[in-house]
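Student: I am sharing model.txt, which consists of compact mmCIF, C-alpha atoms:
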```txt
# COMPACT_ATOMS: atom_id res chain seq x y z
CA MET A 57 62.80 63.86 40.42
CA ARG A 58 65.44 65.24 42.76
CA LEU A 59 67.43 63.33 45.26
CA THR A 60 65.75 65.38 47.97
CA ARG A 61 63.47 63.27 50.07
CA GLY A 62 61.11 65.89 51.42
CA ARG A 63 63.32 67.53 54.02
CA PRO A 64 63.04 71.30 54.35
CA ALA A 65 66.01 73.33 53.18
CA GLY A 66 68.19 74.32 56.11
CA LEU A 67 70.43 77.27 56.71
CA PRO A 68 74.19 76.80 56.67
CA THR A 69 76.13 77.72 59.75
CA PRO A 70 78.81 80.22 58.88
CA PRO A 71 82.02 79.12 60.68
CA PRO A 72 84.94 79.18 58.26
CA LEU A 73 86.40 75.96 56.95
CA PRO A 74 89.62 74.81 58.44
CA LEU A 75 92.35 76.06 56.13
CA ALA A 76 93.66 72.57 55.69
CA LEU A 77 90.34 71.45 54.20
CA ALA A 78 90.53 74.12 51.57
CA LEU A 79 94.05 73.02 50.69
CA ALA A 80 93.86 69.26 50.86
CA GLY A 81 91.19 66.63 50.63
CA THR A 82 92.67 64.21 53.09
CA LEU A 83 91.41 66.06 56.15
CA ALA A 84 87.80 65.85 55.01
CA SER A 85 88.16 62.15 54.44
CA ALA A 86 89.62 61.66 57.85
CA ALA A 87 87.00 63.82 59.53
CA CYS A 88 84.15 62.01 57.85
CA ALA A 89 85.61 58.64 58.60
CA ALA A 90 85.83 59.56 62.25
CA SER A 91 82.33 61.00 62.64
CA ALA A 92 80.08 59.12 60.25
CA PRO A 93 79.05 55.54 59.64
CA PRO A 94 81.55 53.66 57.49
CA ALA A 95 81.23 54.14 53.76
CA ALA A 96 79.86 51.27 51.73
CA THR A 97 82.53 49.56 49.69
CA PRO A 98 81.98 50.50 46.05
CA SER A 99 81.86 47.75 43.47
CA SER A 100 84.63 49.47 41.53
CA ARG A 101 87.31 52.01 42.34
CA ILE A 102 85.85 55.46 41.68
CA GLY A 103 88.14 58.27 42.68
CA SER A 104 87.72 61.18 40.31
CA VAL A 105 85.40 62.74 37.74
CA SER A 106 87.28 61.02 34.93
CA ASP A 107 86.20 57.66 36.39
CA LEU A 108 82.52 58.52 35.91
CA VAL A 109 82.12 56.67 32.63
CA LEU A 110 78.70 55.10 32.10
CA PRO A 111 77.51 52.30 29.79
CA PHE A 112 75.37 54.72 27.73
CA ASP A 113 78.36 56.96 27.02
CA SER A 114 79.82 54.68 24.37
CA TYR A 115 76.63 55.02 22.32
CA LYS A 116 76.52 58.83 22.38
CA PRO A 117 78.60 60.93 19.98
CA ASN A 118 81.92 61.80 21.63
CA PRO A 119 83.25 65.40 21.51
CA ALA A 120 85.20 64.83 18.29
CA GLN A 121 82.16 63.25 16.61
CA ARG A 122 79.92 66.07 17.77
CA ALA A 123 82.35 68.59 16.37
CA LEU A 124 82.36 66.76 13.03
CA LEU A 125 78.55 66.70 12.90
CA GLY A 126 78.46 70.37 13.91
CA ARG A 127 80.87 71.44 11.19
CA ALA A 128 78.95 69.51 8.55
CA HIS A 129 75.68 71.02 9.71
CA GLY A 130 77.21 74.49 9.59
CA MET A 131 78.44 73.92 6.07
CA LEU A 132 74.99 72.78 4.94
CA VAL A 133 73.39 75.83 6.57
CA GLY A 134 75.84 78.11 4.79
CA ARG A 135 75.08 76.46 1.45
CA CYS A 136 71.33 76.77 2.00
CA MET A 137 71.64 80.45 2.91
CA ALA A 138 73.87 81.09 -0.11
CA GLU A 139 71.28 79.45 -2.37
CA ASN A 140 68.89 82.08 -1.07
CA GLY A 141 71.35 84.86 -1.78
CA LEU A 142 72.27 85.36 1.87
CA ASP A 143 75.83 85.43 3.14
CA VAL A 144 75.16 84.63 6.80
CA SER A 145 76.38 81.69 8.84
CA PRO A 146 75.18 81.26 12.42
CA PRO A 147 77.51 80.15 15.21
CA THR A 148 77.88 76.40 14.94
CA GLU A 149 78.92 73.81 17.43
CA ASP A 150 82.62 73.61 16.70
CA ALA A 151 85.30 71.63 18.42
CA THR A 152 85.50 74.13 21.27
CA ALA A 153 81.81 73.90 22.07
CA ALA A 154 81.78 70.13 21.73
CA THR A 155 84.64 69.68 24.15
CA ALA A 156 83.01 72.12 26.56
CA ASP A 157 80.21 69.63 27.08
CA PRO A 158 80.19 68.81 30.79
CA GLY A 159 79.65 65.09 30.18
CA ASN A 160 79.02 63.39 33.52
CA ALA A 161 80.93 65.97 35.58
CA ARG A 162 77.73 67.42 37.08
CA ARG A 163 75.50 64.36 36.81
CA TYR A 164 75.73 63.69 40.56
CA GLY A 165 75.85 67.36 41.48
CA VAL A 166 79.06 69.35 41.82
CA VAL A 167 81.70 66.70 42.48
CA ASP A 168 84.77 68.11 40.72
CA THR A 169 86.74 69.44 43.67
CA ALA A 170 89.25 71.35 41.55
CA ALA A 171 86.45 73.05 39.58
CA ALA A 172 84.60 73.82 42.82
CA ARG A 173 87.70 75.59 44.16
CA ARG A 174 87.79 77.83 41.09
CA HIS A 175 84.13 78.24 40.20
CA GLY A 176 82.12 77.30 43.28
CA TYR A 177 78.78 75.89 42.14
CA HIS A 178 78.93 77.80 38.86
CA LEU A 179 79.31 76.06 35.53
CA ASP A 180 82.95 75.68 34.58
CA ARG A 181 82.88 77.60 31.30
CA PRO A 182 82.76 81.17 30.10
CA SER A 183 79.48 82.93 30.54
CA SER A 184 77.54 83.60 27.38
CA ARG A 185 75.08 86.09 28.83
CA GLY A 186 74.15 88.59 26.18
CA SER A 187 76.02 86.85 23.38
CA SER A 188 72.99 85.27 21.80
CA ALA A 189 70.95 88.45 21.93
CA ALA A 190 73.85 90.38 20.41
CA TRP A 191 74.16 87.87 17.61
CA ALA A 192 70.44 88.02 16.89
CA ALA A 193 70.37 91.81 16.99
CA ALA A 194 73.03 91.92 14.31
CA LEU A 195 71.15 89.51 12.07
CA PRO A 196 69.25 91.16 9.20
CA LYS A 197 65.57 90.29 9.24
CA PRO A 198 65.52 88.47 5.85
CA ALA A 199 68.42 86.31 6.99
CA ARG A 200 66.70 85.55 10.29
CA LEU A 201 63.57 84.47 8.48
CA ARG A 202 65.41 82.20 6.05
CA LEU A 203 67.53 80.72 8.81
CA TYR A 204 64.67 79.75 11.08
CA GLY A 205 61.85 79.55 8.54
CA THR A 206 58.22 79.16 9.55
CA ALA A 207 55.92 76.30 10.39
CA ALA A 208 54.92 76.15 6.72
CA ASP A 209 58.37 76.72 5.21
CA ARG A 210 61.38 75.14 6.90
CA GLY A 211 64.40 77.32 7.50
CA CYS A 212 67.97 76.50 6.58
CA LEU A 213 68.77 75.17 10.05
CA ASP A 214 66.03 72.56 9.76
CA ARG A 215 66.88 71.78 6.16
CA ALA A 216 70.51 71.19 7.06
CA SER A 217 69.51 68.80 9.86
CA LEU A 218 67.28 66.86 7.51
CA ALA A 219 70.00 66.71 4.86
CA LEU A 220 72.48 65.36 7.39
CA ASP A 221 70.03 62.66 8.51
CA ARG A 222 68.98 61.68 4.98
CA GLY A 223 69.48 57.99 4.29
CA SER A 224 70.56 57.16 7.84
CA ARG A 225 69.18 54.09 9.53
CA LYS A 226 66.61 55.23 12.09
CA ALA A 227 67.22 55.13 15.81
CA ASP A 228 65.39 56.41 18.86
CA TRP A 229 67.81 58.83 20.52
CA ALA A 230 65.01 60.34 22.55
CA TRP A 231 64.42 56.96 24.15
CA LEU A 232 68.09 56.73 25.15
CA ALA A 233 67.96 60.22 26.61
CA LEU A 234 64.91 59.34 28.65
CA GLN A 235 66.61 56.21 30.03
CA ASP A 236 69.61 58.41 30.84
CA SER A 237 67.54 60.49 33.23
CA LEU A 238 65.53 57.57 34.62
CA THR A 239 68.54 55.52 35.70
CA LEU A 240 69.85 58.55 37.59
CA ASP A 241 66.55 59.06 39.39
CA GLN A 242 66.15 55.37 40.18
CA ALA A 243 69.72 55.08 41.42
CA ALA A 244 69.15 58.01 43.80
CA LYS A 245 66.47 55.99 45.56
CA ARG A 246 68.76 53.07 46.39
CA PRO A 247 69.37 52.51 50.14
CA ALA A 248 73.14 52.67 49.60
CA VAL A 249 72.77 56.18 48.19
CA ALA A 250 70.53 57.28 51.05
CA ALA A 251 73.07 55.93 53.56
CA ALA A 252 75.89 57.76 51.79
CA GLU A 253 73.88 60.97 51.92
CA GLU A 254 73.64 60.58 55.70
CA ARG A 255 77.42 60.41 55.82
CA TRP A 256 77.65 63.44 53.52
CA ARG A 257 75.47 65.38 55.98
CA SER A 258 77.71 64.37 58.91
CA CYS A 259 80.79 65.37 56.95
CA MET A 260 79.35 68.76 56.02
CA THR A 261 78.17 69.41 59.57
CA GLN A 262 81.65 68.67 60.86
CA GLU A 263 82.99 71.23 58.41
CA GLY A 264 80.49 73.83 59.60
CA TYR A 265 77.80 73.52 56.96
CA ALA A 266 74.41 72.37 58.19
CA TYR A 267 72.67 71.62 54.93
CA PRO A 268 70.09 68.81 54.95
CA ASP A 269 71.17 67.50 51.55
CA PRO A 270 73.35 68.42 48.54
CA GLU A 271 70.40 70.03 46.75
CA ALA A 272 70.01 72.54 49.58
CA ALA A 273 73.71 73.41 49.43
CA ILE A 274 73.75 74.26 45.74
CA ALA A 275 70.37 76.02 46.02
CA ASP A 276 71.57 78.34 48.81
CA ARG A 277 70.14 81.76 47.98
CA ARG A 278 73.51 83.38 48.68
CA TRP A 279 74.86 81.98 45.38
CA ASN A 280 73.64 83.52 42.14
CA LEU A 281 74.30 80.78 39.62
CA ASP A 282 72.69 82.82 36.82
CA GLY A 283 75.30 85.57 37.15
CA GLN A 284 79.07 85.49 36.77
CA LYS A 285 80.13 86.53 40.26
CA VAL A 286 81.45 83.72 42.44
CA THR A 287 82.10 84.57 46.08
CA GLU A 288 84.87 83.06 48.18
CA GLU A 289 82.21 81.63 50.50
CA GLU A 290 80.56 79.87 47.58
CA LYS A 291 83.92 78.41 46.53
CA ARG A 292 84.65 77.22 50.08
CA THR A 293 81.19 75.68 50.45
CA ALA A 294 81.26 73.98 47.05
CA THR A 295 84.75 72.63 47.74
CA ALA A 296 83.70 71.17 51.08
CA ASP A 297 80.54 69.81 49.44
CA ALA A 298 82.46 68.06 46.65
CA MET A 299 85.05 66.68 49.10
CA CYS A 300 82.32 65.36 51.37
CA LYS A 301 80.55 63.75 48.40
CA TRP A 302 83.70 61.72 47.72
CA ALA A 303 84.63 61.11 51.35
CA SER A 304 81.13 59.91 52.24
CA GLY A 305 80.97 57.52 49.30
CA LEU A 306 77.98 59.39 47.85
CA VAL A 307 79.48 59.75 44.36
CA SER A 308 80.60 56.15 44.34
CA ALA A 309 77.28 54.75 45.60
CA TRP A 310 75.18 56.83 43.21
CA TYR A 311 77.44 56.15 40.24
CA THR A 312 77.65 52.43 40.99
CA ALA A 313 73.85 52.09 41.12
CA ASP A 314 73.45 54.29 38.02
CA ALA A 315 75.97 52.21 36.04
CA GLU A 316 74.35 48.97 37.14
CA LEU A 317 70.94 50.19 35.96
CA GLN A 318 72.37 51.35 32.64
CA ARG A 319 74.08 48.00 32.08
CA ALA A 320 70.70 46.31 32.57
CA VAL A 321 69.04 48.64 30.05
CA VAL A 322 71.75 47.89 27.48
CA ARG A 323 71.48 44.15 28.14
CA ASP A 324 67.69 44.16 27.79
CA ASN A 325 67.53 46.26 24.61
CA PRO A 326 70.21 44.99 22.21
CA GLU A 327 68.32 45.92 19.05
CA ARG A 328 67.69 49.51 20.15
CA PHE A 329 71.36 49.99 20.95
CA ALA A 330 72.48 48.41 17.70
CA ARG A 331 70.26 50.89 15.86
CA LEU A 332 71.71 53.81 17.80
CA ARG A 333 75.21 52.73 16.81
CA ASP A 334 74.21 52.26 13.15
CA ASN A 335 72.50 55.64 13.02
CA LEU A 336 75.52 57.44 14.44
CA LEU A 337 77.85 55.69 11.99
CA ASP A 338 75.60 56.67 9.09
CA ARG A 339 75.43 60.31 10.15
CA LEU A 340 79.17 60.50 10.68
CA GLY A 341 79.70 59.07 7.23
CA ARG A 342 77.29 61.57 5.77
CA ALA A 343 79.00 64.43 7.62
CA ALA A 344 82.38 63.34 6.29
CA GLN A 345 80.95 63.35 2.76
CA VAL A 346 79.60 66.88 3.24
CA LEU A 347 82.90 68.15 4.58
CA GLY A 348 84.71 66.34 1.80
CA GLY A 349 82.92 68.48 -0.74
CA ARG A 350 80.19 66.15 -1.99
CA ARG A 351 76.87 67.90 -2.47
CA GLY A 352 74.11 66.82 -0.08
CA MET B 173 54.40 69.94 39.44
CA ALA B 174 54.63 73.07 41.52
CA LEU B 175 51.79 75.50 41.08
CA ALA B 176 51.85 78.99 42.47
CA ALA B 177 48.56 80.59 43.43
CA ALA B 178 46.68 80.63 40.17
CA ALA B 179 44.89 83.81 41.10
CA ALA B 180 48.11 85.75 41.50
CA LEU B 181 48.21 86.97 37.94
CA VAL B 182 51.03 89.36 37.18
CA ALA B 183 50.91 91.48 34.07
CA VAL B 184 54.20 91.23 32.18
CA PRO B 185 54.67 93.64 29.30
CA GLY B 186 56.00 92.03 26.17
CA PRO B 187 56.89 92.98 22.65
CA ALA B 188 54.17 93.10 20.04
CA SER B 189 54.52 89.79 18.25
CA ALA B 190 52.69 86.88 16.79
CA SER B 191 51.53 84.28 19.26
CA PRO B 192 54.56 82.60 20.86
CA ARG B 193 52.84 79.32 20.04
CA ALA B 194 53.89 79.73 16.43
CA THR B 195 57.19 81.56 16.78
CA CYS B 196 60.22 82.10 18.95
CA ALA B 197 62.16 85.32 18.46
CA ALA B 198 65.76 85.10 17.23
CA GLY B 199 68.26 85.27 20.06
CA ARG B 200 66.00 83.40 22.45
CA VAL B 201 65.23 79.93 23.73
CA CYS B 202 61.53 79.23 24.14
CA LEU B 203 60.05 76.61 26.41
CA TYR B 204 56.43 75.49 26.13
CA ALA B 205 54.27 73.85 28.76
CA SER B 206 52.61 71.45 26.32
CA PHE B 207 53.75 69.15 23.54
CA ASP B 208 54.05 70.35 19.97
CA PHE B 209 54.72 73.95 21.05
CA ASN B 210 51.31 74.23 22.70
CA ARG B 211 49.42 73.46 19.51
CA GLY B 212 45.79 72.95 20.47
CA GLU B 213 46.56 73.66 24.11
CA GLU B 214 46.59 76.65 26.41
CA ASP B 215 49.51 78.81 25.23
CA ARG B 216 51.83 78.72 28.26
CA TRP B 217 55.42 79.59 27.33
CA HIS B 218 58.56 81.45 28.40
CA ASP B 219 61.64 82.67 26.59
CA PHE B 220 65.23 83.06 27.79
CA ILE B 221 68.31 84.96 26.62
CA GLY B 222 70.65 83.75 29.35
CA ASP B 223 71.33 81.01 31.87
CA ASP B 224 68.68 80.08 34.42
CA SER B 225 69.78 77.80 37.25
CA ASP B 226 66.30 77.19 38.65
CA LEU B 227 63.28 77.31 36.40
CA SER B 228 60.94 77.12 39.40
CA ASP B 229 61.69 80.82 39.93
CA ASN B 230 59.87 81.58 36.68
CA ILE B 231 56.22 81.58 35.81
CA TRP B 232 54.67 80.62 32.51
CA LEU B 233 53.43 83.45 30.33
CA ASP B 234 50.25 83.14 28.33
CA GLY B 235 49.75 83.98 24.66
CA ASP B 236 49.19 87.62 25.52
CA PHE B 237 52.47 87.81 27.47
CA ALA B 238 50.69 87.98 30.80
CA GLY B 239 51.98 85.92 33.71
CA THR B 240 49.91 82.87 34.55
CA GLY B 241 51.17 82.57 38.12
CA GLN B 242 52.20 78.97 37.42
CA SER B 243 55.77 77.93 38.22
CA MET B 244 57.83 76.50 35.37
CA ASP B 245 59.63 73.92 37.49
CA ASP B 246 59.38 70.43 35.99
CA GLU B 247 56.78 71.54 33.47
CA ALA B 248 58.42 72.16 30.11
CA SER B 249 57.18 69.81 27.38
CA SER B 250 58.64 71.31 24.21
CA VAL B 251 61.47 73.65 23.25
CA ARG B 252 62.62 75.82 20.37
CA ASN B 253 66.21 77.07 20.30
CA ARG B 254 66.64 80.33 18.40
CA ALA B 255 69.50 81.55 20.58
CA GLY B 256 72.17 81.38 17.92
CA CYS B 257 74.05 79.22 20.42
CA THR B 258 73.88 75.77 21.97
CA VAL B 259 71.35 75.28 24.75
CA THR B 260 71.44 72.65 27.46
CA LEU B 261 68.40 71.63 29.50
CA TRP B 262 69.24 69.99 32.82
CA GLN B 263 67.25 67.49 34.82
CA TYR B 264 67.95 69.13 38.19
CA PRO B 265 68.46 72.75 39.33
CA GLY B 266 71.97 74.22 39.39
CA TYR B 267 72.86 72.65 36.03
CA THR B 268 73.08 69.15 37.43
CA GLY B 269 71.73 65.69 36.65
CA ALA B 270 71.21 64.32 33.14
CA HIS B 271 71.19 66.87 30.37
CA SER B 272 70.09 67.31 26.77
CA THR B 273 71.85 69.61 24.35
CA PHE B 274 70.01 71.47 21.61
CA ALA B 275 71.93 73.07 18.75
CA ASP B 276 70.82 76.42 17.39
CA GLY B 277 67.64 76.04 15.40
CA ALA B 278 66.67 72.81 17.13
CA ASN B 279 63.01 72.14 17.78
CA ASP B 280 61.79 69.40 20.06
CA GLY B 281 58.04 69.23 20.28
CA PHE B 282 58.07 66.18 22.51
CA LEU B 283 60.41 66.46 25.47
CA ALA B 284 58.64 63.45 27.00
CA ASN B 285 61.23 61.33 25.28
CA ASN B 286 64.21 63.47 25.98
CA SER B 287 66.97 63.45 28.49
CA VAL B 288 65.27 65.94 30.70
CA GLY B 289 61.97 64.31 29.88
CA ASN B 290 58.51 65.74 29.91
CA ASN B 291 57.87 67.92 32.95
CA ARG B 292 61.43 67.42 34.15
CA ALA B 293 63.61 70.33 33.02
CA SER B 294 64.81 72.27 36.04
CA SER B 295 67.60 74.48 34.72
CA LEU B 296 68.88 75.83 31.40
CA ASP B 297 72.17 77.17 30.15
CA ILE B 298 73.10 78.86 26.89
CA TRP B 299 76.59 78.30 25.58
CA CYS B 300 78.01 80.40 22.75
CA ALA B 301 81.31 79.23 21.29
```
Would you write the structure of this file as structure tokens?
Tutor:
Amino acid sequence: MRLTRGRPAGLPTPPPLPLALALAGTLASAACAASAPPAATPSSRIGSVSDLVLPFDSYKPNPAQRALLGRAHGMLVGRCMAENGLDVSPPTEDATAATADPGNARRYGVVDTAAARRHGYHLDRPSSRGSSAAWAAALPKPARLRLYGTAADRGCLDRASLALDRGSRKADWAWLALQDSLTLDQAAKRPAVAAAEERWRSCMTQEGYAYPDPEAAIADRRWNLDGQKVTEEEKRTATADAMCKWASGLVSAWYTADAELQRAVVRDNPERFARLRDNLLDRLGRAAQVLGGRRG
Amino acid sequence: MALAAAAALVAVPGPASASPRATCAAGRVCLYASFDFNRGEEDRWHDFIGDDSDLSDNIWLDGDFAGTGQSMDDEASSVRNRAGCTVTLWQYPGYTGAHSTFADGANDGFLANNSVGNNRASSLDIWCA
């Protein structure tokens, strides 16, 4: 499932990056262009993370829609709990959480150079370690039981989800999600992507990092991605990695193939996609009703 | 599917609780090796209270909380989110690739049709607003 094609993980060589590379991306581009095979010309101009928009994206709820659905769900949970005499509302996916969704920023690995400079390979958002356990510890047992329910008696979280879906035209979101992962995998196997990865390796080697592939770089045991600490070496490596992914054409080649595959899936399944759109519209309408004060 | 030496059983103490097959403690995210939360199958599961960038570092636990010696990488087939927060399952390690987001309280007994797919989840992060 990974882009890795069976090469053993290698050890990075430790020489420091040229200062200029850490400060500007142009040097990496120039270095790669000089040392590696020429990059394949992408079918469209892809120059930053914001350009990584895929055909499936327009069918998924956007951050504002997710926040709306989350608020409506939270309101229904609160009502359900109140009907059981419990004044407890769990954390819900509000606007902040919805906009924190990484979207496609990490779909092709760490490619956001600015984020890599600040956070290395770590996720670009506040750590939540311990928060969930703390929330649960503070939850009285009767409330916990009513919230989550049992196999025989649905909890308020489940009931709220069902209430929000009630009356909506059906759609197979799970199918879309599966296609979303398959196009990425299939795109990674394209020759253009493999060739770009060769150029990425040359670029990284020139910068002093002898990783066999991007998966080995992010999986380096020196980085602890489960913890909060980000070392300067991790930041330097991730920055060089992200720059080389752009300079080598790896992001562009992978994205281009991915987008092409997604366009074909959309083209070949018009009814499925129409149902996805209808279902989302129905649920958004229902959520607006809930938030507008109409009983579910 | 990566399997560690099956004979290398490691005893892992756990809290006294009903079978994980049926429940998932509040504050945790539970992954199950089989569909439908292991119903009718060997009870291989694992719970999380924080981010995990590479599930292959973990081994499945059995119904008695003992380690099975089997790596979790690319093996999860169903999930329950009781974390009180949003959980994201990622297709690749290091929180990369396609991802699926599960709101608090979400159950998905059939990850085969999900973004990370059956036997595909490789990392997990928990996000509390």
Student: Skipping near chain neighbours, those fewer than 3 positions away, what residues fall within 9 Å of His271 (chain B) using all atoms listed in the file, listed as JSON, numbers by chain?
Tutor: {"A": [159, 163, 233, 236, 237], "B": [260, 261, 262, 263, 264, 267, 268, 286, 287, 288, 293]}
Student: Between CA of Asp282 (chain A) and CA of Asp229 (chain B), what is the distance in Å, rounded to a tenth?
Tutor: 11.6 Å
Student: Nearest to chain B among A:Tyr265, A:Trp256, A:Tyr311, A:Phe329, with distances taken over only C-alpha atoms: which residue is it?
Tutor: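 Between A:Tyr265, A:Trp256, A:Tyr311, A:Phe329, the residue approaching chain B most closely is A:Tyr311.
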Student: Counting only C-alpha atoms, which of B:Gly256, B:Gln242, B:Cys202, B:Asp219 gets nearest to chain A?
Tutor: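 Looking only at the distances to chain A, the closest residue turns out to be B:Gly256.
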Student: Using all atoms listed in the file, find the one residue out of A:Asp113, A:Asp143, A:Glu316, A:Glu289 that sits nearest to chain B.
Tutor: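 Of A:Asp113, A:Asp143, A:Glu316, A:Glu289, the one nearest chain B is A:Asp113, counting all atoms listed in the file.
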Student: Would you compute the distance between CA of Asn279 (chain B) and CA of Ser250 (chain B)? Give it in Å to one decimal.
Tutor: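 So the two atoms, CA of Asn279 (chain B) and CA of Ser250 (chain B), lie 7.8 Å apart.
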Student: I'd like to know which of A:Val322, A:Ala244, A:Met299, A:Ala330 is closest to chain B, using only C-alpha atoms.
Tutor: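 Comparing A:Val322, A:Ala244, A:Met299, A:Ala330 against chain B, the winner is A:Ala244.
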Student: Compile the contact shell of Arg278 (chain A) as number ranges by chain: residues with an atom at most 8 Å away, counting only C-alpha atoms, same-chain residues fewer than 2 positions apart removed.
Tutor: A: 276, 280, 290
Student: Would you put the residues from that selection into a file with C-alpha atoms, as a CSV table (one decimal), in the frame of the given file?
Tutor:
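again09.csv, written as the output of this step:
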```csv
chain,number,residue,atom,x,y,z
A,276,ASP,CA,71.6,78.3,48.8
A,280,ASN,CA,73.6,83.5,42.1
A,290,GLU,CA,80.6,79.9,47.6
```
Student: Which residue out of B:Ile221, B:Leu296, B:Ala275, B:Met244 has the minimum interatomic distance to Tyr204 (chain B) when all atoms listed in the file are used?
Tutor: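 For Tyr204 (chain B), the nearest of the given residues is B:Met244.
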Student: Considering only C-alpha atoms, can you say which of B:Gly199, B:Ala248, B:Ser294, B:Asn253 comes closest to chain A?
Tutor: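 Ranked by minimum distance to chain A, first place goes to B:Gly199.
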Student: Hey, can you check how far CA of Ala272 (chain A) sits from CA of Ala170 (chain A)?
Tutor: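 Result for CA of Ala272 (chain A) versus CA of Ala170 (chain A): 20.9 Å, one decimal.
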Student: Give me the residues near Gly277 (chain B) as a PyMOL selection string, where near means some atom within 7 Å (using all atoms listed in the file) and where sequence neighbours in that chain fewer than 6 positions away do not count.
Tutor: (chain A and resi 204+213-214) or (chain B and resi 253-254)
Student: At a cut-off of 9 Å, using all atoms listed in the file, what residues contact Arg246 (chain A)? Leave out same-chain residues fewer than 4 positions from it and give the result as a compact mmCIF listing (two decimals) with C-alpha atoms, in the frame of the given file.
Tutor:
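File written: around26.txt
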```txt
# COMPACT_ATOMS: atom_id res chain seq x y z
CA GLN A 242 66.15 55.37 40.18
CA ALA A 250 70.53 57.28 51.05
CA ALA A 251 73.07 55.93 53.56
CA ALA A 309 77.28 54.75 45.60
CA TRP A 310 75.18 56.83 43.21
CA ALA A 313 73.85 52.09 41.12
```
Student: For region 215-226 of chain B, take all atoms listed in the file, fit an axis-aligned box around them, add 3 Å to each of the six sides, then output centre and edge lengths in Å rounded to one decimal, as AutoDock Vina command-line options.
Tutor:
```
--center_x 60.4 --center_y 81.1 --center_z 31.9 --size_x 27.8 --size_y 13.8 --size_z 19.4
```
Student: Could you give me, as a list in words, the residues within 9 Å of Thr287 (chain A), counting only C-alpha atoms and dropping anything in the same chain fewer than 3 positions from it?
Tutor: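 Listed by chain and then number, they are His175, Gly176, Trp279, Glu290, Lys291 and Arg292 of chain A.
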